[in-house]
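Q: Quick one, target-v7.cif (mmCIF, C-alpha atoms):
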data_upload
loop_
_atom_site.group_PDB
_atom_site.id
_atom_site.type_symbol
_atom_site.label_atom_id
_atom_site.label_comp_id
_atom_site.auth_asym_id
_atom_site.auth_seq_id
_atom_site.Cartn_x
_atom_site.Cartn_y
_atom_site.Cartn_z
ATOM 1 C CA ARG V 11 4.527 11.516 -29.191
ATOM 2 C CA LYS V 12 3.195 8.985 -26.699
ATOM 3 C CA GLU V 13 5.231 8.575 -23.523
ATOM 4 C CA VAL V 14 5.333 4.805 -23.911
ATOM 5 C CA GLU V 15 4.988 3.174 -27.319
ATOM 6 C CA GLN V 16 4.743 -0.507 -28.138
ATOM 7 C CA ASP V 17 4.683 -2.645 -31.243
ATOM 8 C CA PRO V 18 1.227 -2.563 -32.755
ATOM 9 C CA GLY V 19 -0.376 -5.985 -32.664
ATOM 10 C CA PRO V 20 -1.846 -8.406 -32.772
ATOM 11 C CA PHE V 21 0.810 -11.087 -32.878
ATOM 12 C CA ASN V 22 -0.520 -14.472 -33.973
ATOM 13 C CA VAL V 23 1.976 -17.273 -33.387
ATOM 14 C CA PRO V 24 1.909 -21.075 -33.194
ATOM 15 C CA GLU V 25 2.571 -22.917 -29.953
ATOM 16 C CA GLY V 26 6.271 -23.262 -29.275
ATOM 17 C CA ALA V 27 7.224 -20.100 -31.151
ATOM 18 C CA THR V 28 9.498 -17.421 -29.783
ATOM 19 C CA VAL V 29 8.003 -13.946 -29.794
ATOM 20 C CA ALA V 30 9.552 -10.580 -28.986
ATOM 21 C CA PHE V 31 7.832 -7.377 -27.939
ATOM 22 C CA ASN V 32 9.445 -3.968 -28.183
ATOM 23 C CA CYS V 33 8.764 -0.788 -26.290
ATOM 24 C CA THR V 34 10.226 2.705 -26.249
ATOM 25 C CA TYR V 35 9.722 5.473 -23.704
ATOM 26 C CA SER V 36 10.248 9.183 -24.087
ATOM 27 C CA ASN V 37 10.747 10.473 -20.530
ATOM 28 C CA SER V 38 14.405 10.171 -19.576
ATOM 29 C CA ALA V 39 13.413 10.625 -15.915
ATOM 30 C CA SER V 40 11.660 7.253 -15.999
ATOM 31 C CA GLN V 41 13.212 5.045 -13.380
ATOM 32 C CA SER V 42 11.410 1.739 -13.048
ATOM 33 C CA PHE V 43 10.182 -0.451 -15.832
ATOM 34 C CA PHE V 44 7.774 -3.337 -15.963
ATOM 35 C CA TRP V 45 5.920 -5.732 -18.181
ATOM 36 C CA TYR V 46 2.334 -6.420 -17.217
ATOM 37 C CA ARG V 47 -0.035 -8.947 -18.658
ATOM 38 C CA GLN V 48 -3.727 -8.236 -19.079
ATOM 39 C CA ASP V 49 -6.313 -10.850 -19.909
ATOM 40 C CA CYS V 50 -9.581 -9.853 -21.537
ATOM 41 C CA ARG V 51 -11.844 -7.888 -19.176
ATOM 42 C CA LYS V 52 -9.440 -8.313 -16.260
ATOM 43 C CA GLU V 53 -7.042 -6.048 -14.402
ATOM 44 C CA PRO V 54 -3.354 -5.959 -15.411
ATOM 45 C CA LYS V 55 -1.062 -8.283 -13.496
ATOM 46 C CA LEU V 56 2.646 -7.762 -13.020
ATOM 47 C CA LEU V 57 4.643 -10.164 -15.177
ATOM 48 C CA MET V 58 8.122 -8.949 -14.353
ATOM 49 C CA SER V 59 10.207 -5.937 -13.529
ATOM 50 C CA VAL V 60 12.918 -4.945 -15.990
ATOM 51 C CA TYR V 61 16.489 -4.219 -14.907
ATOM 52 C CA SER V 62 19.417 -2.742 -16.801
ATOM 53 C CA SER V 63 21.330 -5.988 -16.497
ATOM 54 C CA GLY V 64 18.472 -7.884 -18.069
ATOM 55 C CA ASN V 65 16.501 -10.473 -16.205
ATOM 56 C CA GLU V 66 14.967 -13.825 -16.904
ATOM 57 C CA ASP V 67 12.067 -15.690 -15.359
ATOM 58 C CA GLY V 68 11.575 -19.102 -16.893
ATOM 59 C CA ARG V 69 10.544 -18.634 -20.509
ATOM 60 C CA PHE V 70 10.434 -14.849 -20.176
ATOM 61 C CA THR V 71 13.407 -12.534 -20.652
ATOM 62 C CA ALA V 72 13.279 -8.756 -20.257
ATOM 63 C CA GLN V 73 15.923 -6.277 -21.360
ATOM 64 C CA LEU V 74 16.367 -2.563 -20.738
ATOM 65 C CA ASN V 75 18.574 -0.185 -22.695
ATOM 66 C CA ARG V 76 18.544 3.178 -20.917
ATOM 67 C CA ALA V 77 20.684 4.899 -23.537
ATOM 68 C CA SER V 78 18.190 4.021 -26.272
ATOM 69 C CA GLN V 79 15.179 4.257 -23.928
ATOM 70 C CA TYR V 80 14.140 0.843 -25.119
ATOM 71 C CA ILE V 81 12.610 -2.151 -23.344
ATOM 72 C CA SER V 82 11.977 -5.625 -24.689
ATOM 73 C CA LEU V 83 10.246 -8.832 -23.653
ATOM 74 C CA LEU V 84 11.070 -12.212 -25.152
ATOM 75 C CA ILE V 85 8.811 -15.209 -24.689
ATOM 76 C CA ARG V 86 10.280 -18.579 -25.609
ATOM 77 C CA ASP V 87 8.354 -21.784 -26.268
ATOM 78 C CA SER V 88 5.051 -19.934 -26.190
ATOM 79 C CA LYS V 89 2.027 -21.678 -24.690
ATOM 80 C CA LEU V 90 -1.671 -21.268 -25.403
ATOM 81 C CA SER V 91 -1.978 -19.745 -21.938
ATOM 82 C CA ASP V 92 0.392 -16.931 -22.933
ATOM 83 C CA SER V 93 -2.385 -15.431 -25.060
ATOM 84 C CA ALA V 94 -3.068 -12.010 -23.556
ATOM 85 C CA THR V 95 -2.226 -8.344 -24.009
ATOM 86 C CA TYR V 96 1.248 -7.380 -22.843
ATOM 87 C CA LEU V 97 1.665 -3.896 -21.427
ATOM 88 C CA CYS V 98 4.949 -2.014 -21.196
ATOM 89 C CA VAL V 99 4.861 0.190 -18.101
ATOM 90 C CA VAL V 100 7.124 2.939 -16.851
ATOM 91 C CA ASN V 101 7.253 4.414 -13.332
ATOM 92 C CA ILE V 102 8.195 8.091 -13.298
ATOM 93 C CA TYR V 103 9.432 8.933 -9.825
ATOM 94 C CA ASN V 104 9.547 12.700 -10.224
ATOM 95 C CA GLN V 105 5.853 12.663 -11.091
ATOM 96 C CA GLY V 106 4.780 11.082 -7.846
ATOM 97 C CA GLY V 107 5.702 7.599 -8.895
ATOM 98 C CA LYS V 108 2.823 7.241 -11.308
ATOM 99 C CA LEU V 109 2.761 4.435 -13.835
ATOM 100 C CA ILE V 110 2.493 5.200 -17.532
ATOM 101 C CA PHE V 111 1.126 2.355 -19.640
ATOM 102 C CA GLY V 112 1.848 1.616 -23.252
ATOM 103 C CA GLN V 113 -1.087 0.798 -25.474
ATOM 104 C CA GLY V 114 -0.395 -2.910 -25.206
ATOM 105 C CA THR V 115 0.437 -5.609 -27.713
ATOM 106 C CA GLU V 116 -2.013 -8.451 -28.111
ATOM 107 C CA LEU V 117 -0.602 -11.955 -28.394
ATOM 108 C CA SER V 118 -2.598 -14.898 -29.648
ATOM 109 C CA VAL V 119 -0.939 -18.317 -29.456
ATOM 110 C CA LYS V 120 -2.603 -20.924 -31.656
ATOM 111 C CA PRO V 121 -2.373 -24.724 -31.405
ATOM 112 C CA GLY F 10 0.979 -10.488 -2.372
ATOM 113 C CA ALA F 11 -1.179 -7.586 -1.292
ATOM 114 C CA VAL F 12 -4.860 -7.628 -2.185
ATOM 115 C CA VAL F 13 -6.953 -4.768 -3.499
ATOM 116 C CA SER F 14 -10.685 -5.116 -3.906
ATOM 117 C CA GLN F 15 -13.177 -3.045 -5.848
ATOM 118 C CA HIS F 16 -16.899 -2.815 -5.478
ATOM 119 C CA PRO F 17 -19.059 -3.180 -7.441
ATOM 120 C CA SER F 18 -17.458 -5.330 -10.118
ATOM 121 C CA TRP F 19 -20.004 -4.134 -12.633
ATOM 122 C CA VAL F 20 -22.802 -1.601 -12.668
ATOM 123 C CA ILE F 21 -25.444 -0.488 -15.137
ATOM 124 C CA CYS F 22 -27.084 2.879 -14.560
ATOM 125 C CA LYS F 23 -29.289 5.388 -16.293
ATOM 126 C CA SER F 24 -27.908 8.540 -17.823
ATOM 127 C CA GLY F 25 -27.833 11.399 -15.321
ATOM 128 C CA THR F 26 -27.382 9.292 -12.217
ATOM 129 C CA SER F 27 -24.269 9.107 -10.033
ATOM 130 C CA VAL F 28 -22.274 5.973 -9.392
ATOM 131 C CA LYS F 29 -19.825 5.352 -6.552
ATOM 132 C CA ILE F 30 -16.976 2.851 -6.879
ATOM 133 C CA GLU F 31 -15.013 1.695 -3.845
ATOM 134 C CA CYS F 32 -11.387 0.621 -3.788
ATOM 135 C CA ARG F 33 -10.021 -1.110 -0.682
ATOM 136 C CA SER F 34 -6.596 -2.349 0.258
ATOM 137 C CA LEU F 35 -7.331 -5.439 2.323
ATOM 138 C CA ASP F 36 -4.049 -6.280 3.999
ATOM 139 C CA PHE F 37 -1.860 -3.195 3.812
ATOM 140 C CA GLN F 38 -2.082 0.552 4.294
ATOM 141 C CA ALA F 39 -2.290 2.400 1.022
ATOM 142 C CA THR F 40 -0.857 5.887 1.310
ATOM 143 C CA THR F 41 -1.550 6.478 -2.357
ATOM 144 C CA MET F 42 -4.273 5.161 -4.609
ATOM 145 C CA PHE F 43 -4.579 5.655 -8.331
ATOM 146 C CA TRP F 44 -7.682 5.622 -10.514
ATOM 147 C CA TYR F 45 -7.482 4.507 -14.134
ATOM 148 C CA ARG F 46 -9.954 4.244 -16.957
ATOM 149 C CA GLN F 47 -9.715 1.838 -19.867
ATOM 150 C CA PHE F 48 -11.819 2.010 -23.013
ATOM 151 C CA PRO F 49 -12.129 -1.049 -25.296
ATOM 152 C CA LYS F 50 -8.954 -1.873 -27.221
ATOM 153 C CA GLN F 51 -7.079 0.922 -25.451
ATOM 154 C CA SER F 52 -4.598 0.968 -22.613
ATOM 155 C CA LEU F 53 -5.082 2.179 -19.079
ATOM 156 C CA MET F 54 -5.214 5.947 -18.727
ATOM 157 C CA LEU F 55 -4.458 7.471 -15.345
ATOM 158 C CA MET F 56 -7.301 9.693 -14.204
ATOM 159 C CA ALA F 57 -6.076 10.855 -10.814
ATOM 160 C CA THR F 58 -3.701 10.211 -7.945
ATOM 161 C CA SER F 59 -5.147 10.188 -4.475
ATOM 162 C CA ASN F 60 -3.184 10.552 -1.246
ATOM 163 C CA GLU F 61 -4.812 9.755 2.066
ATOM 164 C CA GLY F 62 -6.177 12.850 3.760
ATOM 165 C CA SER F 63 -5.534 15.258 0.914
ATOM 166 C CA LYS F 64 -7.160 16.334 -2.326
ATOM 167 C CA ALA F 65 -6.662 14.188 -5.389
ATOM 168 C CA THR F 66 -4.416 15.296 -8.223
ATOM 169 C CA TYR F 67 -6.189 14.961 -11.552
ATOM 170 C CA GLU F 68 -4.555 14.329 -14.897
ATOM 171 C CA GLN F 69 -5.000 16.843 -17.672
ATOM 172 C CA GLY F 70 -8.399 16.566 -19.299
ATOM 173 C CA VAL F 71 -10.094 14.809 -16.382
ATOM 174 C CA GLU F 72 -12.912 16.848 -14.860
ATOM 175 C CA LYS F 73 -12.519 16.938 -11.099
ATOM 176 C CA ASP F 74 -16.142 18.012 -10.575
ATOM 177 C CA LYS F 75 -17.388 15.047 -12.556
ATOM 178 C CA PHE F 76 -15.103 12.405 -11.083
ATOM 179 C CA LEU F 77 -15.109 12.946 -7.334
ATOM 180 C CA ILE F 78 -12.389 11.134 -5.440
ATOM 181 C CA ASN F 79 -12.277 10.657 -1.697
ATOM 182 C CA HIS F 80 -9.420 8.964 0.159
ATOM 183 C CA ALA F 81 -10.503 9.289 3.753
ATOM 184 C CA SER F 82 -8.570 6.356 5.194
ATOM 185 C CA LEU F 83 -5.457 4.340 4.471
ATOM 186 C CA THR F 84 -7.526 1.442 3.202
ATOM 187 C CA LEU F 85 -10.353 3.052 1.251
ATOM 188 C CA SER F 86 -10.690 5.372 -1.717
ATOM 189 C CA THR F 87 -13.901 6.091 -3.606
ATOM 190 C CA LEU F 88 -14.549 7.380 -7.098
ATOM 191 C CA THR F 89 -17.959 8.892 -7.779
ATOM 192 C CA VAL F 90 -18.972 9.440 -11.384
ATOM 193 C CA THR F 91 -21.508 12.236 -11.179
ATOM 194 C CA SER F 92 -24.274 12.762 -13.730
ATOM 195 C CA ALA F 93 -23.026 9.823 -15.743
ATOM 196 C CA HIS F 94 -23.464 9.778 -19.518
ATOM 197 C CA PRO F 95 -23.052 6.955 -22.028
ATOM 198 C CA GLU F 96 -19.562 8.200 -22.939
ATOM 199 C CA ASP F 97 -18.510 7.518 -19.328
ATOM 200 C CA SER F 98 -19.094 3.812 -19.927
ATOM 201 C CA SER F 99 -15.706 2.222 -19.367
ATOM 202 C CA PHE F 100 -13.624 -0.126 -17.234
ATOM 203 C CA TYR F 101 -12.482 1.703 -14.095
ATOM 204 C CA ILE F 102 -9.491 0.221 -12.266
ATOM 205 C CA CYS F 103 -7.874 1.358 -9.047
ATOM 206 C CA SER F 104 -4.437 0.581 -7.720
ATOM 207 C CA ALA F 105 -2.947 1.031 -4.286
ATOM 208 C CA ARG F 106 0.601 1.654 -3.152
ATOM 209 C CA GLY F 107 2.340 1.844 0.210
ATOM 210 C CA GLN F 108 4.438 4.744 1.405
ATOM 211 C CA GLY F 109 7.379 4.614 -0.990
ATOM 212 C CA LEU F 110 7.437 5.851 -4.577
ATOM 213 C CA THR F 111 9.175 2.635 -5.487
ATOM 214 C CA ASP F 112 6.602 0.432 -3.799
ATOM 215 C CA THR F 113 4.704 -1.901 -6.053
ATOM 216 C CA GLN F 114 1.233 -0.814 -7.120
ATOM 217 C CA TYR F 115 -1.389 -3.492 -6.620
ATOM 218 C CA PHE F 116 -4.397 -3.393 -8.901
ATOM 219 C CA GLY F 117 -8.009 -3.996 -8.059
ATOM 220 C CA PRO F 118 -10.098 -6.260 -10.303
ATOM 221 C CA GLY F 119 -11.823 -3.314 -11.954
ATOM 222 C CA THR F 120 -15.390 -2.060 -12.230
ATOM 223 C CA ARG F 121 -17.211 -2.190 -15.523
ATOM 224 C CA LEU F 122 -19.612 0.761 -15.829
ATOM 225 C CA THR F 123 -22.332 0.872 -18.449
ATOM 226 C CA VAL F 124 -24.424 4.005 -18.697
ATOM 227 C CA LEU F 125 -27.656 3.628 -20.663
#
Could I get this structure in the form of structure tokens?
A:
Amino acid sequence: RKEVEQDPGPFNVPEGATVAFNCTYSNSASQSFFWYRQDCRKEPKLLMSVYSSGNEDGRFTAQLNRASQYISLLIRDSKLSDSATYLCVVNIYNQGGKLIFGQGTELSVKP
Amino acid sequence: GAVVSQHPSWVICKSGTSVKIECRSLDFQATTMFWYRQFPKQSLMLMATSNEGSKATYEQGVEKDKFLINHASLTLSTLTVTSAHPEDSSFYICSARGQGLTDTQYFGPGTRLTVL
């Protein structure tokens, strides 16, 4: 079983749609959680950290459920510029703080 | 935010040659640097963790004699792909982190390697 698993994509949605990405992780020692965004042929860029209380940044909302080992990202009112691959990432402190990346979910927002 | 650079951004080489990729933290001291590899349509896979002044720790399945990592200073780590083959063609990305395990990792822009 992969350490971090995401919804298989791609997601093709119209502008203005709401889209949700799901992610599960298997290592209960995981301690920090993130969503990264990666554009084609570019490095990943941090979108937001994910906290147990849930957190929101504009149109983006992230949720963490430690009991279920589940992370989600909700994008409201999607824009063309949101088209990218979204990576669920887990930081495992007792393994030297290395980041484990999910396989990514591709989002394509169409006009 | 902190800036990490990589050089070169892309390289094409012949099979059997060695290629060196540099990763620099420009405005902070990176105690730890990480090297990743990403094949098309796949996610980033950690190759090795490098701490300044000590030997790198390689992930399972990564050949340490083929992928030589040097982290001689707090701002520079290098990855040398020795005797490169076409299957080594990939996108190599480094990241750098300060002293704490909880510190944010900052990613370089990546190096695209094509081995003919």
Q: Find the residues in chain V near chain F: any atom within 6 Å counts, using only C-alpha atoms. Write them as a list of chain:residue names.
A: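 For chain V, the answer reads V:Glu53, V:Gly107, V:Gln113.
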Q: Do you know which residues the PyMOL selection byres ((chain V and resi 82-86) around 10) returns on this file, as a ChimeraX atom specification?
A: /V:16,25-34,44-45,58,60,64-75,80-81,87-89,92,96,98
Q: Tell me, as a PyMOL selection string, which residues lie within 6 Å of range 114-118 of chain V, counting all atoms listed in the file; anything in the same chain fewer than 5 positions away does not count.
A: chain V and resi 18-22+93-97
Q: Once the PyMOL selection byres ((chain F and resi 89) around 6) has been applied to the shown file, what residues remain in the selection, as a ChimeraX atom specification?
A: /F:28-29,76-77,88,90-91
Q: Translate the PyMOL selection byres ((chain V and resi 121) around 7) into a concrete residue list for this structure, as a list in words.
A: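 With the shown file as input, the PyMOL selection byres ((chain V and resi 121) around 7) matches Pro24, Glu25, Leu90, Val119 and Lys120 of chain V.
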Q: With C-alpha atoms kept, could you save the residues just selected as an mmCIF file, in the coordinates of the input?
A:
data_model
loop_
_atom_site.group_PDB
_atom_site.id
_atom_site.type_symbol
_atom_site.label_atom_id
_atom_site.label_comp_id
_atom_site.auth_asym_id
_atom_site.auth_seq_id
_atom_site.Cartn_x
_atom_site.Cartn_y
_atom_site.Cartn_z
ATOM 1 C CA PRO V 24 1.909 -21.075 -33.194
ATOM 2 C CA GLU V 25 2.571 -22.917 -29.953
ATOM 3 C CA LEU V 90 -1.671 -21.268 -25.403
ATOM 4 C CA VAL V 119 -0.939 -18.317 -29.456
ATOM 5 C CA LYS V 120 -2.603 -20.924 -31.656
#
